[in-house]
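The next block is protein21.cif, given as mmCIF, C-alpha atoms.
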```
data_my_file
#
loop_
_atom_site.label_atom_id
_atom_site.label_comp_id
_atom_site.auth_asym_id
_atom_site.auth_seq_id
_atom_site.Cartn_x
_atom_site.Cartn_y
_atom_site.Cartn_z
CA MET A 1 112.13 130.52 90.83
CA ALA A 2 110.99 128.67 87.70
CA PRO A 3 109.07 125.45 88.35
CA GLU A 4 111.22 122.35 88.02
CA THR A 5 110.27 119.66 85.50
CA LYS A 6 111.78 116.20 85.67
CA HIS A 7 111.89 114.31 82.42
CA LEU A 8 112.50 110.66 81.63
CA GLU A 9 112.42 109.23 78.12
CA VAL A 10 112.93 105.68 76.85
CA THR A 11 112.58 103.93 73.52
CA LEU A 12 110.98 100.51 73.73
CA ASP A 13 110.92 97.61 71.32
CA THR A 14 107.60 96.54 69.85
CA HIS A 15 107.39 93.51 72.11
CA VAL A 16 104.98 92.24 74.76
CA GLU A 17 107.65 92.63 77.43
CA SER A 18 107.77 96.37 76.74
CA VAL A 19 104.23 96.61 78.10
CA ASN A 20 105.30 95.27 81.51
CA LEU A 21 108.49 97.33 81.49
CA ALA A 22 106.66 100.60 80.78
CA GLU A 23 104.10 99.84 83.46
CA GLU A 24 106.78 99.09 86.07
CA MET A 25 108.76 102.21 85.23
CA CYS A 26 105.78 104.52 85.49
CA VAL A 27 104.55 102.94 88.72
CA ARG A 28 107.98 103.52 90.29
CA VAL A 29 107.96 107.15 89.23
CA ALA A 30 104.39 107.53 90.52
CA GLU A 31 105.37 106.01 93.88
CA ALA A 32 108.33 108.35 94.16
CA ALA A 33 106.05 111.26 93.26
CA GLY A 34 103.88 110.41 96.25
CA PHE A 35 100.84 108.73 94.71
CA ASN A 36 99.13 106.14 96.90
CA GLU A 37 98.71 102.47 95.91
CA ASP A 38 95.35 102.91 94.18
CA GLU A 39 96.54 105.85 92.11
CA CYS A 40 99.74 104.00 91.19
CA TYR A 41 97.57 101.10 90.00
CA ARG A 42 95.51 103.46 87.83
CA ILE A 43 98.59 105.14 86.39
CA GLY A 44 100.26 101.78 85.75
CA MET A 45 97.15 100.40 84.07
CA SER A 46 96.83 103.50 81.87
CA VAL A 47 100.45 103.30 80.73
CA ARG A 48 100.03 99.60 80.13
CA GLU A 49 96.98 100.25 77.94
CA GLY A 50 98.80 103.03 76.10
CA VAL A 51 101.74 100.80 75.28
CA ILE A 52 99.44 97.90 74.32
CA ASN A 53 97.74 100.33 71.94
CA ALA A 54 101.10 101.33 70.44
CA PHE A 55 102.30 97.70 70.27
CA HIS A 56 99.18 96.24 68.72
CA TYR A 57 97.27 98.94 66.83
CA GLY A 58 99.97 101.56 66.16
CA ASN A 59 103.01 99.47 65.30
CA GLN A 60 100.96 96.44 64.22
CA GLU A 61 103.34 94.26 66.31
CA LYS A 62 106.12 94.92 63.76
CA PRO A 63 109.46 94.43 65.57
CA GLU A 64 111.32 97.01 63.44
CA LYS A 65 109.11 99.77 64.85
CA LYS A 66 109.65 101.46 68.20
CA ILE A 67 107.50 102.77 71.02
CA HIS A 68 108.60 106.05 72.60
CA LEU A 69 107.66 106.59 76.23
CA ALA A 70 108.22 109.87 78.04
CA ILE A 71 107.38 110.78 81.63
CA GLU A 72 107.34 114.37 82.86
CA LEU A 73 106.97 115.42 86.47
CA THR A 74 106.08 119.04 86.97
CA ASP A 75 105.21 120.71 90.26
CA GLU A 76 101.58 119.87 89.62
CA ARG A 77 101.24 116.87 87.35
CA MET A 78 102.68 113.60 86.17
CA ILE A 79 102.40 113.60 82.37
CA ILE A 80 102.98 110.50 80.26
CA HIS A 81 103.46 110.41 76.49
CA VAL A 82 103.29 107.19 74.45
CA LEU A 83 104.23 107.61 70.81
CA ASP A 84 104.04 104.88 68.19
CA GLU A 85 105.27 104.66 64.59
CA GLY A 86 101.96 103.75 63.03
CA LYS A 87 99.46 105.65 60.94
CA GLY A 88 97.81 107.56 63.77
CA PHE A 89 94.12 107.73 64.65
CA ARG A 90 91.51 110.16 65.84
CA LEU A 91 89.89 109.81 69.22
CA THR A 92 86.51 110.50 67.66
CA ASP A 93 86.87 107.39 65.50
CA VAL A 94 87.22 105.05 68.50
CA PRO A 95 83.97 103.12 69.14
CA ASP A 96 82.33 103.51 72.54
CA PRO A 97 82.92 100.21 74.39
CA LEU A 98 79.92 100.92 76.63
CA ALA A 99 77.49 101.03 73.72
CA GLN A 100 75.16 98.03 73.84
CA GLU A 101 76.36 96.75 70.46
CA ASN A 102 80.01 96.81 71.65
CA LEU A 103 79.62 95.28 75.10
CA LEU A 104 80.60 91.82 73.86
CA SER A 105 83.50 93.08 71.79
CA THR A 106 86.75 91.34 72.72
CA SER A 107 88.82 94.51 72.24
CA GLY A 108 88.55 98.29 72.23
CA ARG A 109 88.52 99.09 75.96
CA GLY A 110 92.06 100.43 76.36
CA ILE A 111 91.33 104.05 75.44
CA PHE A 112 88.26 103.98 77.67
CA LEU A 113 90.33 102.76 80.64
CA MET A 114 92.99 105.45 80.13
CA LYS A 115 90.30 108.14 80.03
CA ALA A 116 88.66 106.69 83.13
CA PHE A 117 91.84 106.35 85.19
CA MET A 118 93.69 109.57 84.33
CA ASP A 119 92.69 113.19 84.93
CA GLU A 120 93.55 114.20 81.38
CA PHE A 121 93.82 112.19 78.18
CA ASP A 122 94.28 113.14 74.56
CA VAL A 123 95.52 111.71 71.28
CA GLN A 124 97.71 113.94 69.12
CA PRO A 125 99.41 113.37 65.79
CA GLY A 126 103.02 112.41 66.48
CA LYS A 127 105.70 114.83 65.25
CA THR A 128 107.24 112.03 63.18
CA GLY A 129 103.96 110.35 62.31
CA GLY A 130 102.01 107.86 64.36
CA ALA A 131 99.80 108.64 67.32
CA GLU A 132 100.95 110.26 70.52
CA LEU A 133 98.85 109.47 73.57
CA VAL A 134 99.20 112.12 76.25
CA MET A 135 97.81 111.44 79.69
CA ALA A 136 98.22 113.27 82.96
CA LYS A 137 97.42 112.91 86.64
CA ARG A 138 97.51 115.75 89.15
CA LEU A 139 100.03 115.15 91.91
CA PRO A 140 98.48 114.52 95.30
CA VAL A 141 98.76 117.10 98.03
CA LEU A 142 100.86 115.65 100.84
CA GLY A 143 98.57 114.29 103.52
CA SER A 144 95.63 113.84 101.12
CA PRO A 145 94.04 110.39 100.59
CA HIS A 146 95.79 110.18 97.21
CA SER A 147 99.23 110.64 98.73
CA ASN A 148 101.46 107.90 100.08
CA GLY A 149 102.90 110.44 102.48
CA ASN A 150 106.51 110.05 101.52
CA GLY A 151 106.83 111.30 97.97
CA SER A 152 107.91 114.52 96.40
CA ALA A 153 104.33 115.37 95.55
CA SER A 154 103.05 118.87 95.20
CA ASN A 155 103.17 120.69 98.51
CA SER A 156 102.15 124.10 97.28
CA GLY A 157 99.13 124.01 99.53
CA ALA A 158 96.82 124.66 96.60
CA PRO A 159 93.75 122.43 96.65
CA HIS A 160 93.57 119.80 93.90
CA GLN A 161 90.10 118.91 92.72
CA GLU A 162 89.19 115.42 91.65
CA ALA A 163 87.98 114.91 88.09
CA MET B 1 107.45 82.43 85.77
CA PRO B 2 103.93 82.20 84.30
CA SER B 3 101.73 85.15 85.18
CA LEU B 4 98.62 83.01 85.59
CA PHE B 5 97.89 79.57 87.01
CA ALA B 6 94.73 77.56 86.39
CA THR B 7 93.46 74.38 88.01
CA THR B 8 90.14 72.73 87.29
CA ARG B 9 87.70 70.86 89.51
CA GLU B 10 84.49 69.16 88.46
CA TYR B 11 81.29 68.54 90.43
CA SER B 12 78.05 67.23 88.97
CA GLY B 13 78.89 68.30 85.44
CA ILE B 14 79.98 71.76 86.51
CA THR B 15 83.62 72.76 86.02
CA LEU B 16 85.26 75.19 88.40
CA VAL B 17 88.44 76.81 87.20
CA ASP B 18 90.54 78.29 90.00
CA LEU B 19 92.69 81.06 88.56
CA SER B 20 95.50 82.88 90.32
CA GLY B 21 97.79 85.65 89.13
CA ARG B 22 97.34 88.17 86.34
CA ILE B 23 95.10 87.92 83.30
CA SER B 24 96.94 90.32 81.05
CA LEU B 25 98.43 90.61 77.57
CA GLY B 26 100.68 87.64 76.88
CA ASP B 27 100.83 84.44 78.92
CA GLY B 28 97.88 85.20 81.20
CA SER B 29 95.35 85.88 78.47
CA ALA B 30 96.69 82.99 76.40
CA LEU B 31 96.31 80.52 79.28
CA LEU B 32 92.73 81.59 79.97
CA ARG B 33 91.88 81.22 76.28
CA LYS B 34 93.43 77.74 76.11
CA THR B 35 91.77 76.62 79.33
CA VAL B 36 88.28 77.58 78.17
CA ARG B 37 88.82 76.19 74.66
CA ASP B 38 90.12 72.89 76.06
CA LEU B 39 87.07 72.57 78.33
CA LEU B 40 84.76 73.19 75.39
CA GLU B 41 86.61 70.59 73.33
CA GLU B 42 85.91 68.12 76.13
CA GLY B 43 82.23 69.04 76.00
CA ARG B 44 82.27 70.87 79.33
CA THR B 45 79.95 73.83 78.92
CA LYS B 46 78.98 74.68 82.51
CA ILE B 47 81.95 76.68 83.67
CA ILE B 48 82.67 78.85 86.71
CA LEU B 49 85.84 80.94 86.72
CA ASN B 50 87.00 81.50 90.30
CA LEU B 51 88.85 84.83 90.18
CA GLY B 52 89.45 85.08 93.92
CA ASP B 53 93.22 85.03 93.49
CA VAL B 54 93.34 87.13 90.33
CA ASN B 55 94.77 90.46 91.39
CA TYR B 56 95.09 92.12 88.00
CA ILE B 57 93.26 92.19 84.69
CA ASP B 58 94.00 94.52 81.78
CA SER B 59 91.95 95.19 78.65
CA SER B 60 93.41 92.08 77.01
CA GLY B 61 92.25 89.99 79.98
CA ILE B 62 88.81 91.58 79.89
CA GLY B 63 88.64 90.76 76.20
CA GLU B 64 89.55 87.17 76.94
CA LEU B 65 86.81 86.87 79.58
CA VAL B 66 84.29 88.18 77.04
CA SER B 67 85.64 85.86 74.38
CA GLY B 68 85.28 82.87 76.72
CA PHE B 69 81.78 83.95 77.70
CA THR B 70 80.73 84.13 74.04
CA ALA B 71 82.43 80.87 73.05
CA VAL B 72 80.72 78.96 75.86
CA ARG B 73 77.35 80.51 75.11
CA ASN B 74 77.73 79.61 71.43
CA ARG B 75 78.04 75.98 72.52
CA GLY B 76 74.82 76.26 74.49
CA GLY B 77 76.60 76.55 77.84
CA GLU B 78 77.22 79.19 80.46
CA LEU B 79 80.36 80.77 81.86
CA LYS B 80 79.99 82.49 85.23
CA LEU B 81 82.36 84.39 87.50
CA LEU B 82 83.08 83.78 91.18
CA ASN B 83 84.87 85.75 93.92
CA LEU B 84 85.91 88.95 92.21
CA THR B 85 88.62 90.99 93.89
CA LYS B 86 87.86 94.68 94.31
CA LYS B 87 90.02 95.71 91.37
CA VAL B 88 88.40 93.18 89.03
CA HIS B 89 84.94 94.05 90.36
CA ASP B 90 85.53 97.75 89.71
CA LEU B 91 86.86 97.08 86.21
CA LEU B 92 83.80 95.01 85.27
CA GLN B 93 81.59 97.69 86.71
CA ILE B 94 83.05 100.63 84.78
CA THR B 95 83.10 98.61 81.55
CA LYS B 96 79.44 97.63 82.13
CA LEU B 97 80.35 93.95 81.94
CA PHE B 98 78.73 93.40 85.29
CA THR B 99 75.48 93.49 83.33
CA VAL B 100 76.74 90.72 81.03
CA PHE B 101 78.28 88.16 83.39
CA ASP B 102 76.59 86.24 86.18
CA VAL B 103 78.78 87.04 89.17
CA PHE B 104 78.77 85.22 92.52
CA ASN B 105 80.53 85.62 95.85
CA ASP B 106 79.79 82.12 97.06
CA GLU B 107 80.76 78.85 95.38
CA SER B 108 77.67 76.85 96.37
CA THR B 109 75.34 79.59 95.16
CA ALA B 110 77.23 79.69 91.88
CA MET B 111 76.90 75.90 91.55
CA ARG B 112 73.16 75.99 92.30
CA SER B 113 72.64 78.66 89.65
CA PHE B 114 73.10 76.00 86.97
CA GLU B 115 70.14 73.93 88.24
#
```
Structure re-expressed in structure tokens:
Amino acid sequence: MAPETKHLEVTLDTHVESVNLAEEMCVRVAEAAGFNEDECYRIGMSVREGVINAFHYGNQEKPEKKIHLAIELTDERMIIHVLDEGKGFRLTDVPDPLAQENLLSTSGRGIFLMKAFMDEFDVQPGKTGGAELVMAKRLPVLGSPHSNGNGSASNSGAPHQEA
Amino acid sequence: MPSLFATTREYSGITLVDLSGRISLGDGSALLRKTVRDLLEEGRTKIILNLGDVNYIDSSGIGELVSGFTAVRNRGGELKLLNLTKKVHDLLQITKLFTVFDVFNDESTAMRSFE
């Protein structure tokens, strides 16, 4: 039988409230998928940072632009896409916030947090322009410390290694 | 409902700001910015932010803490942190800001650090 993929897609306004909305949506999906509280926090924070990035840097806070959020649940992973309508950027151009000269910077930590909190993170050119952030977290094995014990998380029995 | 609340107390020229809620993009970050700027306008430059009831900070909130730290230092003062929750502690650790801020778990020790 082919693996089942669940897919949820929403288009958000370029507005501060969209940041909270996206975070809440993804945390609910993560809870239902079986992630424990700590992992839900990390997923929620990562989505939040992704949408802040789209809101502020991608769409330049222009209300006529949209933010496209997609969540995929496969048998193994929760994958989140955040697409903006900006000019796009390359991951290699993002300054390292841990570098001594950047420690007192008041911005520029969002990408770092997404990379730290998710198992996979990448920035791709959006199909219609802009930047598409793609981040993923492996589903917890039921009964593992990363599971909340009541989700539809992967139960294939295959071990999942931590990043 | 506001996402962050702030109340200030003053002892011996040191201002303690008790914060509760979320320091995140929007109201929370804006309130923290205003609170620190208002204190500086009043000439109060010895500031302790009590984060014991702050359960969430995002990158915007982290940026606002750094901004406050720099603004106070530029006025010849110091801004210190008190009572970090585990989530906030971990965030400051992975962003290496633990090496920047003076962080305390005890109010009286934090107060004495200004002597």
**Q.** Hits of the PyMOL selection byres ((chain A) within 10 of (chain B)) in this structure, as a VMD selection string
**A.** chain A and resid 16 to 17 19 to 20 38 41 45 to 46 48 to 49 52 97 to 100 103 to 113 116
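Distances from A:Lys66, A:Pro145, A:Glu101, A:Ile79 to Val51 in chain A were compared using only C-alpha atoms, and the smallest one belongs to A:Lys66.
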How close does range 79-101 of chain B get to range 40-46 of chain B? List, as JSON lines, each residue of range 79-101 of chain B within 12 Å, its nearest atom pair and the distance in Å to one decimal, counting all atoms listed in the file.
```
{"residue": "B:Leu79", "atom": "CA", "partner": "B:Lys46", "partner_atom": "CA", "distance": 6.3}
{"residue": "B:Lys80", "atom": "CA", "partner": "B:Lys46", "partner_atom": "CA", "distance": 8.3}
{"residue": "B:Leu81", "atom": "CA", "partner": "B:Lys46", "partner_atom": "CA", "distance": 11.4}
```
Restricted to C-alpha atoms, what would the selected residues look like written as a PDB file, in the coordinates of the input?
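Wrote it out as selection09.pdb, contents follow:
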```pdb
ATOM      1  CA  LEU B  79      80.360  80.770  81.860  1.00  0.00           C
ATOM      2  CA  LYS B  80      79.990  82.490  85.230  1.00  0.00           C
ATOM      3  CA  LEU B  81      82.360  84.390  87.500  1.00  0.00           C
TER       4      LEU B  81
END
```
Q.
Running the PyMOL selection byres ((chain A and resi 128) around 10) on this model by hand, what would come out? Give it as a ChimeraX atom specification.
A. /A:83-86,125-127,129-132
Restricted to C-alpha atoms, what would the selected residues look like written as a compact mmCIF listing (two decimals), keeping the file's coordinate frame?
```txt
# COMPACT_ATOMS: atom_id res chain seq x y z
CA LEU A 83 104.23 107.61 70.81
CA ASP A 84 104.04 104.88 68.19
CA GLU A 85 105.27 104.66 64.59
CA GLY A 86 101.96 103.75 63.03
CA PRO A 125 99.41 113.37 65.79
CA GLY A 126 103.02 112.41 66.48
CA LYS A 127 105.70 114.83 65.25
CA GLY A 129 103.96 110.35 62.31
CA GLY A 130 102.01 107.86 64.36
CA ALA A 131 99.80 108.64 67.32
CA GLU A 132 100.95 110.26 70.52
```
(Q) As an exercise, work out the distance from CA of Leu84 in chain B to CA of Ala30 in chain B in Å and give it to one decimal place. (A) 20.0 Å
Q | Expansion of the PyMOL selection byres ((chain A and resi 7-14) around 8) into residues, as a PyMOL selection string | A | chain A and resi 5-6+15-16+18+55+59+61-73
Quick one: range 67-100 of chain A with N, CA and C atoms, as a compact mmCIF listing (two decimals), in the frame of the given file?
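Final output, result30.txt:
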```
# COMPACT_ATOMS: atom_id res chain seq x y z
N ILE A 67 108.49 102.07 70.20
CA ILE A 67 107.50 102.77 71.02
C ILE A 67 108.28 103.75 71.89
N HIS A 68 107.87 105.01 71.87
CA HIS A 68 108.60 106.05 72.60
C HIS A 68 107.77 106.45 73.82
N LEU A 69 108.36 106.28 74.98
CA LEU A 69 107.66 106.59 76.23
C LEU A 69 108.38 107.74 76.92
N ALA A 70 107.63 108.74 77.31
CA ALA A 70 108.22 109.87 78.04
C ALA A 70 107.38 110.17 79.28
N ILE A 71 108.06 110.43 80.38
CA ILE A 71 107.38 110.78 81.63
C ILE A 71 107.89 112.15 82.07
N GLU A 72 106.97 113.04 82.36
CA GLU A 72 107.34 114.37 82.86
C GLU A 72 106.73 114.53 84.24
N LEU A 73 107.49 115.06 85.15
CA LEU A 73 106.97 115.42 86.47
C LEU A 73 107.13 116.91 86.65
N THR A 74 106.02 117.62 86.69
CA THR A 74 106.08 119.04 86.97
C THR A 74 105.71 119.23 88.45
N ASP A 75 105.61 120.47 88.87
CA ASP A 75 105.21 120.71 90.26
C ASP A 75 103.77 120.27 90.51
N GLU A 76 103.00 120.16 89.44
CA GLU A 76 101.58 119.87 89.62
C GLU A 76 101.11 118.54 89.07
N ARG A 77 101.80 118.03 88.05
CA ARG A 77 101.24 116.87 87.35
C ARG A 77 102.31 115.86 86.97
N MET A 78 101.86 114.63 86.82
CA MET A 78 102.68 113.60 86.17
C MET A 78 102.07 113.43 84.77
N ILE A 79 102.89 113.65 83.75
CA ILE A 79 102.40 113.60 82.37
C ILE A 79 103.14 112.49 81.64
N ILE A 80 102.38 111.65 80.95
CA ILE A 80 102.98 110.50 80.26
C ILE A 80 102.64 110.59 78.77
N HIS A 81 103.65 110.40 77.94
CA HIS A 81 103.46 110.41 76.49
C HIS A 81 103.82 109.01 75.96
N VAL A 82 102.98 108.46 75.12
CA VAL A 82 103.29 107.19 74.45
C VAL A 82 103.13 107.43 72.95
N LEU A 83 104.23 107.32 72.25
CA LEU A 83 104.23 107.61 70.81
C LEU A 83 104.57 106.34 70.03
N ASP A 84 103.74 106.05 69.03
CA ASP A 84 104.04 104.88 68.19
C ASP A 84 104.51 105.32 66.81
N GLU A 85 104.81 104.35 65.96
CA GLU A 85 105.27 104.66 64.59
C GLU A 85 104.27 104.14 63.57
N GLY A 86 103.01 104.24 63.93
CA GLY A 86 101.96 103.75 63.03
C GLY A 86 101.37 104.86 62.19
N LYS A 87 100.11 104.70 61.84
CA LYS A 87 99.46 105.65 60.94
C LYS A 87 98.68 106.72 61.69
N GLY A 88 98.56 106.58 62.99
CA GLY A 88 97.81 107.56 63.77
C GLY A 88 96.32 107.27 63.72
N PHE A 89 95.58 107.88 64.63
CA PHE A 89 94.12 107.73 64.65
C PHE A 89 93.51 108.93 65.37
N ARG A 90 92.21 109.08 65.17
CA ARG A 90 91.51 110.16 65.84
C ARG A 90 90.65 109.58 66.96
N LEU A 91 90.66 110.26 68.06
CA LEU A 91 89.89 109.81 69.22
C LEU A 91 88.41 109.66 68.88
N THR A 92 87.93 110.54 68.01
CA THR A 92 86.51 110.50 67.66
C THR A 92 86.14 109.26 66.85
N ASP A 93 87.15 108.59 66.30
CA ASP A 93 86.87 107.39 65.50
C ASP A 93 86.84 106.11 66.35
N VAL A 94 87.17 106.24 67.64
CA VAL A 94 87.22 105.05 68.50
C VAL A 94 85.80 104.71 68.98
N PRO A 95 85.32 103.50 68.72
CA PRO A 95 83.97 103.12 69.14
C PRO A 95 83.81 103.15 70.66
N ASP A 96 82.62 103.47 71.11
CA ASP A 96 82.33 103.51 72.54
C ASP A 96 82.15 102.08 73.06
N PRO A 97 83.04 101.60 73.94
CA PRO A 97 82.92 100.21 74.39
C PRO A 97 81.72 99.98 75.30
N LEU A 98 81.09 101.07 75.76
CA LEU A 98 79.92 100.92 76.63
C LEU A 98 78.62 100.86 75.84
N ALA A 99 78.70 101.13 74.54
CA ALA A 99 77.49 101.03 73.72
C ALA A 99 77.03 99.57 73.70
N GLN A 100 75.73 99.38 73.74
CA GLN A 100 75.16 98.03 73.84
C GLN A 100 75.74 97.09 72.78
```
